[in-house]
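Inspection log for the structure reproduced underneath, given as structure tokens.
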There are 2 protein chains.
Amino acid sequence: MTAIGFSGHDHSACISDALASAEARCRENGWRLTPMRRRVLELLLSEHRALGAYDLLKLLSEEGQPRQPPVVYRALAFLTEHGFAHKIERLNSYVACAHPGSAHSPIFLICSACDKVAETTSPSGNPLEAAAREAGFAMEAAAIEASGTCPECRARQNEPAE
Amino acid sequence: MTAIGFSGHDHSACISDALASAEARCRENGWRLTPMRRRVLELLLSEHRALGAYDLLKLLSEEGQPRQPPVVYRALAFLTEHGFAHKIERLNSYVACAHPGSAHSPIFLICSACDKVAETTSPSGNPLEAAAREAGFAMEAAAIEASGTCPECRARQNEPAE
DNA sequence: AGATAGGATGTTATACTATAACATGTCGAC
DNA sequence: GTCGACATGTTATAGTATAACATCCTATCT
Ligand SMILES: [Zn+2]
Ligand SMILES: [Zn+2]
Ligand SMILES: [Zn+2]
Ligand SMILES: [Zn+2]
């Protein structure tokens, strides 16, 4: 249950795993991973960074495939509803899910220096559940977003002399 | 550390405590709780509900004190920077802090039926800190927002027959 | 009191984020 | 081939937030 997104990892495996998982889950459930939805997912997967809807529109435009906002927002709605992507509320933007396939309540670690977003998951019996139970609150969904500095950016700050 | 916001409590004490605390802390720190800032804080305190900037503008207008968006956004910036209010990212709106005066990392419980927002705080040594430490991430701020149904709305649902 | 400087507010315009509403296209079931 | 369901295309607009500059207020120094 390590955080995926910051340190060296096989990112091409990230991408191919996520795409394969999305295809499999869509096939199993009768959802349609159309070219538009798949393209948006690929763009989100390209880096562990959150992209806004208008960033995606710009990228599509640069590929010679200009689209209007509702097109991208609908693709994002599909991806987030089915757990292939998450919205980062703090940034009004979207990241591909780093733990595809499993139901999970994600925790995001957002680096304010390099904008990378790592995703990890809550251990069970977490204090949010405890707080909710204590308050008699029936929790349905939770968003946990932390801002700070990632290991690489921290290392860079500690050796500023070139 | 109980959640403040849902169940019966002395809400007028909420309001007067928060205002007194804000005045005291501003006096101590040389911050200026101007009439505009104080009025916005009072509006946020009137209920345990998140208000958007444009809701506040509408309320001010209805009081015969119309203002432009930057005025309210600046008051909100002052209040959030100094811990008198918090932004609820999920709702693009703002609540008065229910634990004024103490440094804390709040947890919000947002009722999707009645829109009330309760604020509680993380116990120390919480797993978010643990996850951040494990990832080598230097956490600066965290936003924890849970959606669900509050005790009162849950009770109401369970006895729907009038 | 008058000059000055910092910060708070007033005002205009605009950027950024998201969705409503309706038209058109695609594809499989019948 | 037609029908229905769903996906996308298109236009317009709603909702959230800030840049930039003008003005005002207040505390301080002279
Ligand atoms: Zn990766
Ligand atoms: Zn970083
Ligand atoms: Zn109260
Ligand atoms: Zn409720």
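Within each chain, counting starts at residue 1; across the structure tokens, chains are named A, B, ... in the order shown, with ligands numbered 1 upward in that order.
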Original post:
Which residues form the shell of 8 Å around ligand 3 when you count only C-alpha atoms (C1' of nucleotides) and all ligand atoms, given as an MDAnalysis selection string?
Top reply: chainID B and resid 4:5 9:15 45 47:48 98
Convert the current residue selection to file output with N, CA, C and O atoms, as an mmCIF file, in the first residue's frame.
```cif
data_model
loop_
_atom_site.group_PDB
_atom_site.id
_atom_site.type_symbol
_atom_site.label_atom_id
_atom_site.label_comp_id
_atom_site.auth_asym_id
_atom_site.auth_seq_id
_atom_site.Cartn_x
_atom_site.Cartn_y
_atom_site.Cartn_z
ATOM 1 N N ILE B 4 -18.638 19.444 15.941
ATOM 2 C CA ILE B 4 -19.523 20.559 16.225
ATOM 3 C C ILE B 4 -20.284 20.912 14.967
ATOM 4 O O ILE B 4 -19.681 21.164 13.929
ATOM 5 N N GLY B 5 -21.590 20.892 15.068
ATOM 6 C CA GLY B 5 -22.340 21.348 13.909
ATOM 7 C C GLY B 5 -23.663 20.669 13.702
ATOM 8 O O GLY B 5 -24.586 21.288 13.190
ATOM 9 N N HIS B 9 -26.929 22.052 20.177
ATOM 10 C CA HIS B 9 -25.881 22.660 20.987
ATOM 11 C C HIS B 9 -26.245 24.124 21.136
ATOM 12 O O HIS B 9 -27.135 24.622 20.466
ATOM 13 N N ASP B 10 -25.537 24.779 22.023
ATOM 14 C CA ASP B 10 -25.851 26.185 22.272
ATOM 15 C C ASP B 10 -25.210 27.018 21.177
ATOM 16 O O ASP B 10 -24.074 27.464 21.285
ATOM 17 N N HIS B 11 -25.991 27.226 20.129
ATOM 18 C CA HIS B 11 -25.386 27.837 18.957
ATOM 19 C C HIS B 11 -25.095 29.320 19.152
ATOM 20 O O HIS B 11 -24.160 29.856 18.553
ATOM 21 N N SER B 12 -25.884 29.976 19.979
ATOM 22 C CA SER B 12 -25.550 31.394 20.192
ATOM 23 C C SER B 12 -24.210 31.491 20.920
ATOM 24 O O SER B 12 -23.454 32.449 20.711
ATOM 25 N N ALA B 13 -23.872 30.486 21.731
ATOM 26 C CA ALA B 13 -22.541 30.468 22.358
ATOM 27 C C ALA B 13 -21.467 30.261 21.291
ATOM 28 O O ALA B 13 -20.409 30.899 21.321
ATOM 29 N N CYS B 14 -21.721 29.356 20.327
ATOM 30 C CA CYS B 14 -20.852 29.186 19.163
ATOM 31 C C CYS B 14 -20.473 30.535 18.585
ATOM 32 O O CYS B 14 -19.315 30.859 18.367
ATOM 33 N N ILE B 15 -21.535 31.312 18.311
ATOM 34 C CA ILE B 15 -21.320 32.571 17.607
ATOM 35 C C ILE B 15 -20.536 33.547 18.460
ATOM 36 O O ILE B 15 -19.535 34.117 18.026
ATOM 37 N N LEU B 45 -21.052 32.462 10.457
ATOM 38 C CA LEU B 45 -21.366 31.845 11.746
ATOM 39 C C LEU B 45 -22.861 31.609 11.942
ATOM 40 O O LEU B 45 -23.256 30.838 12.817
ATOM 41 N N GLU B 47 -25.102 29.961 10.588
ATOM 42 C CA GLU B 47 -25.516 28.558 10.580
ATOM 43 C C GLU B 47 -24.288 27.695 10.330
ATOM 44 O O GLU B 47 -23.319 28.158 9.750
ATOM 45 N N HIS B 48 -24.376 26.413 10.674
ATOM 46 C CA HIS B 48 -23.266 25.510 10.362
ATOM 47 C C HIS B 48 -23.463 24.972 8.958
ATOM 48 O O HIS B 48 -23.745 23.800 8.747
ATOM 49 N N ALA B 98 -15.052 26.027 13.624
ATOM 50 C CA ALA B 98 -15.759 25.651 14.844
ATOM 51 C C ALA B 98 -14.801 25.412 16.007
ATOM 52 O O ALA B 98 -15.239 25.096 17.098
#
```
Subject >> Protein and nucleic acid residues within 8 Å of ligand 4 (only C-alpha atoms (C1' of nucleotides) and all ligand atoms) as a PyMOL selection string >> reply: chain B and resi 6+110-116+149-154
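Residues of chain B having any atom within 10 Å of chain C, counting only C-alpha atoms (C1' of nucleotides), are Arg32, Thr34, Met36, Arg67, Gln68, Pro70, Val71, Arg74 and Ala75 of chain B.
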Give me, as an mmCIF file with N, CA, C and O atoms (P, O5', C5', C4', C3', O3' and C1' of nucleotides), in the first residue's frame, the residues of chain D touching chain B, with the criterion being at most 10 Å (counting only C-alpha atoms (C1' of nucleotides)).
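Printed below is out03.cif as written:
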```cif
data_model
loop_
_atom_site.group_PDB
_atom_site.id
_atom_site.type_symbol
_atom_site.label_atom_id
_atom_site.label_comp_id
_atom_site.auth_asym_id
_atom_site.auth_seq_id
_atom_site.Cartn_x
_atom_site.Cartn_y
_atom_site.Cartn_z
ATOM 1 P P DG D 15 -26.079 29.764 -11.755
ATOM 2 O "O5'" DG D 15 -24.553 29.541 -11.394
ATOM 3 C "C5'" DG D 15 -24.032 28.222 -11.390
ATOM 4 C "C4'" DG D 15 -22.576 28.271 -11.004
ATOM 5 C "C3'" DG D 15 -22.260 29.097 -9.747
ATOM 6 O "O3'" DG D 15 -21.414 28.278 -8.964
ATOM 7 C "C1'" DG D 15 -20.869 29.778 -11.518
ATOM 8 P P DT D 16 -20.883 28.779 -7.498
ATOM 9 O "O5'" DT D 16 -19.358 29.151 -7.791
ATOM 10 C "C5'" DT D 16 -18.448 28.110 -8.134
ATOM 11 C "C4'" DT D 16 -17.094 28.712 -8.366
ATOM 12 C "C3'" DT D 16 -16.558 29.558 -7.206
ATOM 13 O "O3'" DT D 16 -15.337 28.985 -6.792
ATOM 14 C "C1'" DT D 16 -16.267 30.678 -9.278
ATOM 15 P P DA D 17 -14.468 29.689 -5.641
ATOM 16 O "O5'" DA D 17 -13.573 30.754 -6.424
ATOM 17 C "C5'" DA D 17 -12.686 30.287 -7.433
ATOM 18 C "C4'" DA D 17 -11.911 31.452 -8.007
ATOM 19 C "C3'" DA D 17 -11.279 32.380 -6.968
ATOM 20 O "O3'" DA D 17 -9.869 32.204 -7.064
ATOM 21 C "C1'" DA D 17 -12.253 33.588 -8.793
ATOM 22 P P DT D 18 -8.879 33.097 -6.166
ATOM 23 O "O5'" DT D 18 -8.461 34.246 -7.201
ATOM 24 C "C5'" DT D 18 -8.079 33.854 -8.510
ATOM 25 C "C4'" DT D 18 -7.735 35.066 -9.341
ATOM 26 C "C3'" DT D 18 -6.853 36.118 -8.659
ATOM 27 O "O3'" DT D 18 -5.840 36.464 -9.583
ATOM 28 C "C1'" DT D 18 -8.703 37.148 -9.618
#
```
**OP:** Would you kindly report the residues of chain B within 8 Å of chain A, using only C-alpha atoms, as a ChimeraX atom specification?
**Re:** /B:2-3,89-90,107,109,120,122-123,126-128,131-132,134-151,154
**OP:** Quote the spacing between atom CA of A:Lys58 and atom CA of A:Gly8 in Å to one decimal place.
**Re:** 28.2 Å
Subject >> Test item, alpha helix (DSSP H) assignment across stretch 33-68 of chain B, answer as a VMD selection string >> reply: chain B and resid 35 to 45 53 to 62
Put those residues in a file: C-alpha atoms, as a PDB file, in the first residue's frame.
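Dumped everything to result-v5.pdb:
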```pdb
ATOM      1  CA  PRO B  35     -16.407  45.796   9.744  1.00  0.00           C
ATOM      2  CA  MET B  36     -16.445  44.039   6.384  1.00  0.00           C
ATOM      3  CA  ARG B  37     -14.417  41.088   7.654  1.00  0.00           C
ATOM      4  CA  ARG B  38     -16.459  40.892  10.807  1.00  0.00           C
ATOM      5  CA  ARG B  39     -19.728  40.994   8.894  1.00  0.00           C
ATOM      6  CA  VAL B  40     -18.647  38.152   6.625  1.00  0.00           C
ATOM      7  CA  LEU B  41     -17.586  36.121   9.642  1.00  0.00           C
ATOM      8  CA  GLU B  42     -20.961  36.755  11.271  1.00  0.00           C
ATOM      9  CA  LEU B  43     -22.756  35.600   8.141  1.00  0.00           C
ATOM     10  CA  LEU B  44     -20.665  32.431   8.058  1.00  0.00           C
ATOM     11  CA  LEU B  45     -21.366  31.845  11.746  1.00  0.00           C
ATOM     12  CA  ALA B  53     -18.808  33.827  -2.100  1.00  0.00           C
ATOM     13  CA  TYR B  54     -21.796  34.715  -4.238  1.00  0.00           C
ATOM     14  CA  ASP B  55     -24.204  33.625  -1.505  1.00  0.00           C
ATOM     15  CA  LEU B  56     -22.458  36.128   0.756  1.00  0.00           C
ATOM     16  CA  LEU B  57     -22.687  38.806  -1.921  1.00  0.00           C
ATOM     17  CA  LYS B  58     -26.409  38.139  -2.183  1.00  0.00           C
ATOM     18  CA  LEU B  59     -26.874  38.362   1.585  1.00  0.00           C
ATOM     19  CA  LEU B  60     -24.953  41.628   1.719  1.00  0.00           C
ATOM     20  CA  SER B  61     -27.060  42.936  -1.112  1.00  0.00           C
ATOM     21  CA  GLU B  62     -30.237  42.010   0.720  1.00  0.00           C
TER      22      GLU B  62
END
```
Taking the backbone alone, and naming residues the way the document does, which bits of chain B are strand (DSSP E) by DSSP, as an mmCIF file with all heavy atoms, in the first residue's frame?
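Result file states_17.cif:
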```cif
data_model
loop_
_atom_site.group_PDB
_atom_site.id
_atom_site.type_symbol
_atom_site.label_atom_id
_atom_site.label_comp_id
_atom_site.auth_asym_id
_atom_site.auth_seq_id
_atom_site.Cartn_x
_atom_site.Cartn_y
_atom_site.Cartn_z
ATOM 1 N N ALA B 85 -11.972 30.872 9.351
ATOM 2 C CA ALA B 85 -12.901 30.164 8.468
ATOM 3 C C ALA B 85 -12.109 29.157 7.648
ATOM 4 O O ALA B 85 -10.880 29.209 7.588
ATOM 5 C CB ALA B 85 -13.623 31.154 7.552
ATOM 6 N N HIS B 86 -12.833 28.222 7.057
ATOM 7 C CA HIS B 86 -12.203 27.217 6.203
ATOM 8 C C HIS B 86 -12.944 27.172 4.869
ATOM 9 O O HIS B 86 -14.141 27.418 4.820
ATOM 10 C CB HIS B 86 -12.290 25.829 6.837
ATOM 11 C CG HIS B 86 -11.679 25.718 8.194
ATOM 12 N ND1 HIS B 86 -10.316 25.703 8.402
ATOM 13 C CD2 HIS B 86 -12.239 25.603 9.419
ATOM 14 C CE1 HIS B 86 -10.073 25.587 9.698
ATOM 15 N NE2 HIS B 86 -11.218 25.529 10.343
ATOM 16 N N LYS B 87 -12.221 26.832 3.838
ATOM 17 C CA LYS B 87 -12.882 26.590 2.562
ATOM 18 C C LYS B 87 -13.228 25.110 2.449
ATOM 19 O O LYS B 87 -12.400 24.255 2.747
ATOM 20 C CB LYS B 87 -11.972 26.982 1.393
ATOM 21 C CG LYS B 87 -12.628 26.715 0.045
ATOM 22 C CD LYS B 87 -11.854 27.274 -1.123
ATOM 23 C CE LYS B 87 -12.662 27.088 -2.411
ATOM 24 N NZ LYS B 87 -11.904 27.494 -3.608
ATOM 25 N N ILE B 88 -14.458 24.826 2.021
ATOM 26 C CA ILE B 88 -14.846 23.454 1.709
ATOM 27 C C ILE B 88 -14.663 23.288 0.203
ATOM 28 O O ILE B 88 -15.465 23.782 -0.588
ATOM 29 C CB ILE B 88 -16.318 23.192 2.094
ATOM 30 C CG1 ILE B 88 -16.576 23.573 3.555
ATOM 31 C CG2 ILE B 88 -16.679 21.732 1.849
ATOM 32 C CD1 ILE B 88 -15.866 22.731 4.556
ATOM 33 N N SER B 93 -17.133 26.514 -1.256
ATOM 34 C CA SER B 93 -17.738 27.455 -0.331
ATOM 35 C C SER B 93 -17.033 27.418 1.013
ATOM 36 O O SER B 93 -16.039 26.712 1.177
ATOM 37 C CB SER B 93 -19.237 27.216 -0.238
ATOM 38 O OG SER B 93 -19.507 25.871 0.007
ATOM 39 N N TYR B 94 -17.546 28.195 1.946
ATOM 40 C CA TYR B 94 -16.768 28.559 3.112
ATOM 41 C C TYR B 94 -17.591 28.404 4.389
ATOM 42 O O TYR B 94 -18.788 28.693 4.397
ATOM 43 C CB TYR B 94 -16.313 30.023 2.963
ATOM 44 C CG TYR B 94 -15.541 30.240 1.670
ATOM 45 C CD1 TYR B 94 -16.214 30.451 0.463
ATOM 46 C CD2 TYR B 94 -14.156 30.176 1.643
ATOM 47 C CE1 TYR B 94 -15.526 30.606 -0.736
ATOM 48 C CE2 TYR B 94 -13.451 30.324 0.453
ATOM 49 C CZ TYR B 94 -14.147 30.542 -0.730
ATOM 50 O OH TYR B 94 -13.454 30.681 -1.907
ATOM 51 N N VAL B 95 -16.934 27.926 5.456
ATOM 52 C CA VAL B 95 -17.596 27.817 6.757
ATOM 53 C C VAL B 95 -16.751 28.510 7.811
ATOM 54 O O VAL B 95 -15.530 28.548 7.709
ATOM 55 C CB VAL B 95 -17.761 26.355 7.237
ATOM 56 C CG1 VAL B 95 -18.886 25.669 6.527
ATOM 57 C CG2 VAL B 95 -16.473 25.585 7.113
ATOM 58 N N ALA B 96 -17.421 29.010 8.842
ATOM 59 C CA ALA B 96 -16.691 29.529 9.989
ATOM 60 C C ALA B 96 -16.034 28.372 10.712
ATOM 61 O O ALA B 96 -16.576 27.265 10.768
ATOM 62 C CB ALA B 96 -17.652 30.256 10.922
ATOM 63 N N PRO B 106 -8.565 20.275 10.304
ATOM 64 C CA PRO B 106 -9.974 19.927 10.448
ATOM 65 C C PRO B 106 -10.428 18.777 9.562
ATOM 66 O O PRO B 106 -9.874 18.536 8.493
ATOM 67 C CB PRO B 106 -10.682 21.206 10.036
ATOM 68 C CG PRO B 106 -9.730 21.919 9.148
ATOM 69 C CD PRO B 106 -8.360 21.522 9.573
ATOM 70 N N ILE B 107 -11.448 18.089 10.048
ATOM 71 C CA ILE B 107 -12.179 17.108 9.254
ATOM 72 C C ILE B 107 -13.600 17.624 9.128
ATOM 73 O O ILE B 107 -14.207 18.005 10.126
ATOM 74 C CB ILE B 107 -12.216 15.742 9.959
ATOM 75 C CG1 ILE B 107 -10.822 15.135 10.031
ATOM 76 C CG2 ILE B 107 -13.184 14.807 9.260
ATOM 77 C CD1 ILE B 107 -10.795 13.773 10.710
ATOM 78 N N PHE B 108 -14.118 17.670 7.906
ATOM 79 C CA PHE B 108 -15.474 18.150 7.699
ATOM 80 C C PHE B 108 -16.394 17.006 7.336
ATOM 81 O O PHE B 108 -16.053 16.167 6.488
ATOM 82 C CB PHE B 108 -15.503 19.211 6.604
ATOM 83 C CG PHE B 108 -14.703 20.412 6.962
ATOM 84 C CD1 PHE B 108 -13.462 20.627 6.403
ATOM 85 C CD2 PHE B 108 -15.158 21.304 7.918
ATOM 86 C CE1 PHE B 108 -12.699 21.722 6.774
ATOM 87 C CE2 PHE B 108 -14.404 22.397 8.294
ATOM 88 C CZ PHE B 108 -13.163 22.611 7.714
ATOM 89 N N LEU B 109 -17.553 16.994 7.979
ATOM 90 C CA LEU B 109 -18.590 16.017 7.674
ATOM 91 C C LEU B 109 -19.740 16.797 7.040
ATOM 92 O O LEU B 109 -20.362 17.637 7.696
ATOM 93 C CB LEU B 109 -19.068 15.319 8.950
ATOM 94 C CG LEU B 109 -17.971 14.646 9.796
ATOM 95 C CD1 LEU B 109 -18.562 14.059 11.081
ATOM 96 C CD2 LEU B 109 -17.253 13.554 9.014
ATOM 97 N N ILE B 110 -19.977 16.546 5.768
ATOM 98 C CA ILE B 110 -20.914 17.353 4.998
ATOM 99 C C ILE B 110 -22.173 16.547 4.729
ATOM 100 O O ILE B 110 -22.126 15.516 4.056
ATOM 101 C CB ILE B 110 -20.288 17.739 3.644
ATOM 102 C CG1 ILE B 110 -18.922 18.399 3.862
ATOM 103 C CG2 ILE B 110 -21.223 18.631 2.854
ATOM 104 C CD1 ILE B 110 -18.082 18.477 2.602
ATOM 105 N N CYS B 111 -23.311 17.010 5.242
ATOM 106 C CA CYS B 111 -24.555 16.278 5.009
ATOM 107 C C CYS B 111 -25.110 16.634 3.642
ATOM 108 O O CYS B 111 -25.379 17.804 3.346
ATOM 109 C CB CYS B 111 -25.593 16.597 6.075
ATOM 110 S SG CYS B 111 -27.139 15.721 5.762
ATOM 111 N N VAL B 117 -22.644 21.370 7.782
ATOM 112 C CA VAL B 117 -21.248 20.963 7.815
ATOM 113 C C VAL B 117 -20.796 20.926 9.260
ATOM 114 O O VAL B 117 -20.867 21.939 9.959
ATOM 115 C CB VAL B 117 -20.359 21.952 7.037
ATOM 116 C CG1 VAL B 117 -18.895 21.586 7.193
ATOM 117 C CG2 VAL B 117 -20.753 21.984 5.565
ATOM 118 N N ALA B 118 -20.336 19.764 9.714
ATOM 119 C CA ALA B 118 -19.788 19.662 11.063
ATOM 120 C C ALA B 118 -18.274 19.599 10.961
ATOM 121 O O ALA B 118 -17.724 19.049 10.004
ATOM 122 C CB ALA B 118 -20.320 18.427 11.771
ATOM 123 N N GLU B 119 -17.623 20.182 11.941
ATOM 124 C CA GLU B 119 -16.167 20.178 11.930
ATOM 125 C C GLU B 119 -15.655 19.422 13.138
ATOM 126 O O GLU B 119 -16.052 19.689 14.261
ATOM 127 C CB GLU B 119 -15.642 21.624 11.959
ATOM 128 C CG GLU B 119 -14.128 21.684 12.039
ATOM 129 C CD GLU B 119 -13.600 23.122 12.059
ATOM 130 O OE1 GLU B 119 -14.402 24.045 11.810
ATOM 131 O OE2 GLU B 119 -12.412 23.290 12.327
ATOM 132 N N THR B 120 -14.770 18.489 12.880
ATOM 133 C CA THR B 120 -14.100 17.797 13.968
ATOM 134 C C THR B 120 -12.614 17.824 13.628
ATOM 135 O O THR B 120 -12.223 18.406 12.630
ATOM 136 C CB THR B 120 -14.668 16.375 14.144
ATOM 137 O OG1 THR B 120 -13.993 15.722 15.200
ATOM 138 C CG2 THR B 120 -14.508 15.566 12.899
ATOM 139 N N THR B 121 -11.778 17.255 14.469
ATOM 140 C CA THR B 121 -10.347 17.354 14.181
ATOM 141 C C THR B 121 -9.697 15.985 14.230
ATOM 142 O O THR B 121 -10.183 15.069 14.882
ATOM 143 C CB THR B 121 -9.633 18.287 15.170
ATOM 144 O OG1 THR B 121 -9.674 17.676 16.451
ATOM 145 C CG2 THR B 121 -10.316 19.629 15.238
ATOM 146 N N ALA B 138 6.627 15.817 2.842
ATOM 147 C CA ALA B 138 6.564 16.805 3.925
ATOM 148 C C ALA B 138 5.228 17.517 3.866
ATOM 149 O O ALA B 138 5.034 18.419 3.067
ATOM 150 C CB ALA B 138 7.707 17.804 3.795
ATOM 151 N N MET B 139 4.323 17.092 4.726
ATOM 152 C CA MET B 139 2.959 17.603 4.656
ATOM 153 C C MET B 139 2.867 18.996 5.267
ATOM 154 O O MET B 139 3.399 19.253 6.336
ATOM 155 C CB MET B 139 2.034 16.651 5.390
ATOM 156 C CG MET B 139 0.579 16.889 5.085
ATOM 157 S SD MET B 139 -0.419 15.515 5.642
ATOM 158 C CE MET B 139 -0.384 15.782 7.402
ATOM 159 N N GLU B 140 2.187 19.894 4.570
ATOM 160 C CA GLU B 140 1.987 21.239 5.105
ATOM 161 C C GLU B 140 0.538 21.483 5.502
ATOM 162 O O GLU B 140 0.255 22.118 6.499
ATOM 163 C CB GLU B 140 2.411 22.286 4.058
ATOM 164 C CG GLU B 140 3.922 22.434 3.956
ATOM 165 C CD GLU B 140 4.357 22.939 2.595
ATOM 166 O OE1 GLU B 140 3.507 23.441 1.842
ATOM 167 O OE2 GLU B 140 5.555 22.782 2.274
ATOM 168 N N ALA B 141 -0.365 21.011 4.686
ATOM 169 C CA ALA B 141 -1.774 21.242 4.987
ATOM 170 C C ALA B 141 -2.566 20.056 4.471
ATOM 171 O O ALA B 141 -2.159 19.397 3.519
ATOM 172 C CB ALA B 141 -2.258 22.523 4.321
ATOM 173 N N ALA B 142 -3.679 19.787 5.116
ATOM 174 C CA ALA B 142 -4.504 18.678 4.676
ATOM 175 C C ALA B 142 -5.960 19.087 4.717
ATOM 176 O O ALA B 142 -6.388 19.816 5.606
ATOM 177 C CB ALA B 142 -4.276 17.459 5.568
ATOM 178 N N ALA B 143 -6.689 18.634 3.740
ATOM 179 C CA ALA B 143 -8.129 18.872 3.728
ATOM 180 C C ALA B 143 -8.805 17.514 3.710
ATOM 181 O O ALA B 143 -8.534 16.684 2.847
ATOM 182 C CB ALA B 143 -8.518 19.678 2.493
ATOM 183 N N ILE B 144 -9.644 17.285 4.694
ATOM 184 C CA ILE B 144 -10.360 16.022 4.782
ATOM 185 C C ILE B 144 -11.840 16.341 4.783
ATOM 186 O O ILE B 144 -12.338 17.018 5.680
ATOM 187 C CB ILE B 144 -9.983 15.246 6.052
ATOM 188 C CG1 ILE B 144 -8.473 15.019 6.089
ATOM 189 C CG2 ILE B 144 -10.719 13.925 6.102
ATOM 190 C CD1 ILE B 144 -8.004 14.173 7.245
ATOM 191 N N GLU B 145 -12.532 15.894 3.749
ATOM 192 C CA GLU B 145 -13.938 16.234 3.589
ATOM 193 C C GLU B 145 -14.733 14.968 3.307
ATOM 194 O O GLU B 145 -14.477 14.284 2.327
ATOM 195 C CB GLU B 145 -14.111 17.224 2.427
ATOM 196 C CG GLU B 145 -13.330 18.516 2.636
ATOM 197 C CD GLU B 145 -13.411 19.482 1.457
ATOM 198 O OE1 GLU B 145 -14.090 19.163 0.468
ATOM 199 O OE2 GLU B 145 -12.789 20.542 1.537
ATOM 200 N N ALA B 146 -15.674 14.664 4.180
ATOM 201 C CA ALA B 146 -16.493 13.483 3.987
ATOM 202 C C ALA B 146 -17.926 13.898 3.674
ATOM 203 O O ALA B 146 -18.460 14.816 4.289
ATOM 204 C CB ALA B 146 -16.478 12.618 5.248
ATOM 205 N N SER B 147 -18.530 13.217 2.713
ATOM 206 C CA SER B 147 -19.948 13.452 2.414
ATOM 207 C C SER B 147 -20.761 12.303 2.950
ATOM 208 O O SER B 147 -20.293 11.170 2.966
ATOM 209 C CB SER B 147 -20.165 13.513 0.903
ATOM 210 O OG SER B 147 -19.486 14.597 0.371
ATOM 211 N N GLY B 148 -21.986 12.599 3.351
ATOM 212 C CA GLY B 148 -22.840 11.542 3.860
ATOM 213 C C GLY B 148 -24.118 12.131 4.411
ATOM 214 O O GLY B 148 -24.579 13.169 3.943
ATOM 215 N N THR B 149 -24.672 11.459 5.407
ATOM 216 C CA THR B 149 -25.947 11.892 5.972
ATOM 217 C C THR B 149 -25.794 12.093 7.472
ATOM 218 O O THR B 149 -25.291 11.209 8.169
ATOM 219 C CB THR B 149 -27.030 10.824 5.712
ATOM 220 O OG1 THR B 149 -26.987 10.460 4.338
ATOM 221 C CG2 THR B 149 -28.401 11.369 6.031
#
```
